[in-house]
Amino acid sequence: MYVPWTRVASWHCNACGICCHKYRVKLTFYEYLKLRPTGLVEEKTGRYYIKRIGNRCPFQSGNLCSLQGERKPVACKLYPFLVRKKGKEEALYEYEGEEFYVYITTDCPNVKLGRGLESMEKLVREAVMIYTGAKKRAELITAPEKGLIL
């Protein structure tokens, strides 16, 4: 279930790897083309995804992602955040004069519901910057880059 960011008191990534088991990673066309040589991507009804092997992402190495930097899909950089151009007022976040609606999935065990606007605002800002392309590398909203670089 996704909740507006204003209803989340805190969140942090502890690299538990649960998201790699629960989440089906949707790719942009460009990400699909970059990862296609691995043979670990698929197209279904005009949408692109990382193939699941067993019940997990094939790029998971231990509890970490082996795709880092520019190779890591935007959907993975953003998880557990979901950024949209339309949504509920309580999910509103303004960035550079534009309105975005930011939600956070409660599937992540580190999401703590409550009020925490100040503690969450830096994370939401980075999520919106990743979403818009203003920032390429996630620093606050993903586990530290300790994985392999493919």
# chains A, B, ... in the order shown; residues from 1 in each chain; ligands from 1
call {"tool": "residues_around", "arguments": {"residues": "range 91-96 of chain A", "least_positions_apart": "5", "cutoff": "7 Å", "atoms": "only C-alpha atoms", "output": "tab-separated table (two decimals) with C-alpha atoms, in the first residue's frame"}}
result
chain	number	residue	atom	x	y	z
A	4	PRO	CA	1.40	10.10	1.09
A	5	TRP	CA	4.87	11.07	2.28
A	6	THR	CA	3.36	13.43	4.85
A	101	TYR	CA	2.92	13.93	-5.55
A	102	VAL	CA	5.10	11.62	-3.51
A	103	TYR	CA	4.01	8.34	-1.95
call {"tool": "residues_around", "arguments": {"residues": "range 18-31 of chain A", "least_positions_apart": "3", "cutoff": "7 Å", "atoms": "only C-alpha atoms", "output": "PyMOL selection string"}}
result
chain A and resi 34-35+48-50+55-57+60+73+75-76+108
call {"tool": "select_by_dssp", "arguments": {"residues": "range 27-149 of chain A", "states": "helix (DSSP H, G or I)", "output": "number ranges by chain"}}
result
A: 29-38, 69-71, 74-78, 89-91, 117-132
call {"tool": "write_last_selection", "arguments": {"atoms": "C-alpha atoms", "output": "short mmCIF file (atom, residue, chain, number, x, y, z; two decimals), in the first residue's frame"}}
result
data_model
loop_
_atom_site.label_atom_id
_atom_site.label_comp_id
_atom_site.auth_asym_id
_atom_site.auth_seq_id
_atom_site.Cartn_x
_atom_site.Cartn_y
_atom_site.Cartn_z
CA PHE A 29 13.14 1.99 -22.73
CA TYR A 30 16.66 3.37 -22.39
CA GLU A 31 17.31 1.23 -19.28
CA TYR A 32 15.93 -1.78 -21.13
CA LEU A 33 18.38 -1.20 -23.99
CA LYS A 34 21.31 -0.84 -21.57
CA LEU A 35 20.45 -4.07 -19.73
CA ARG A 36 19.26 -6.12 -22.71
CA PRO A 37 22.71 -7.67 -23.34
CA THR A 38 22.48 -9.33 -19.91
CA GLY A 69 25.53 4.34 -10.51
CA GLU A 70 24.11 4.99 -13.97
CA ARG A 71 23.23 1.31 -14.49
CA VAL A 74 15.41 4.75 -11.67
CA ALA A 75 12.64 2.57 -10.19
CA CYS A 76 15.23 0.92 -7.93
CA LYS A 77 16.83 4.21 -6.95
CA LEU A 78 13.42 5.52 -5.94
CA GLU A 89 -3.08 17.08 -1.81
CA GLU A 90 -1.39 15.52 1.23
CA ALA A 91 1.20 13.91 -1.07
CA LEU A 117 7.75 16.23 7.75
CA GLU A 118 11.16 17.61 8.67
CA SER A 119 12.92 14.25 8.79
CA MET A 120 11.30 13.12 5.54
CA GLU A 121 11.71 16.29 3.50
CA LYS A 122 15.37 15.66 2.52
CA LEU A 123 14.47 12.15 1.36
CA VAL A 124 11.45 13.36 -0.62
CA ARG A 125 13.54 16.10 -2.23
CA GLU A 126 16.11 13.56 -3.38
CA ALA A 127 13.37 11.25 -4.70
CA VAL A 128 11.89 14.09 -6.76
CA MET A 129 15.34 15.07 -8.02
CA ILE A 130 15.99 11.47 -9.13
CA TYR A 131 12.54 11.33 -10.75
CA THR A 132 13.12 14.55 -12.72
#
call {"tool": "atom_distance", "arguments": {"atom1": "CA of Met1 in chain A", "atom2": "CA of Cys65 in chain A"}}
result
23.3 Å
call {"tool": "select_by_dssp", "arguments": {"residues": "range 50-112 of chain A", "states": "strand (DSSP E)", "output": "list in words"}}
result
Ile50, Gln60, Ser61, Leu64, Cys65, Phe81, Leu82, Val83, Arg84, Leu92, Tyr93, Glu94, Tyr95, Glu98, Glu99, Phe100, Tyr101, Val102, Tyr103, Ile104, Thr105 and Lys112 of chain A
call {"tool": "atom_distance", "arguments": {"atom1": "CA of Val3 in chain A", "atom2": "CA of Lys85 in chain A"}}
result
15.4 Å
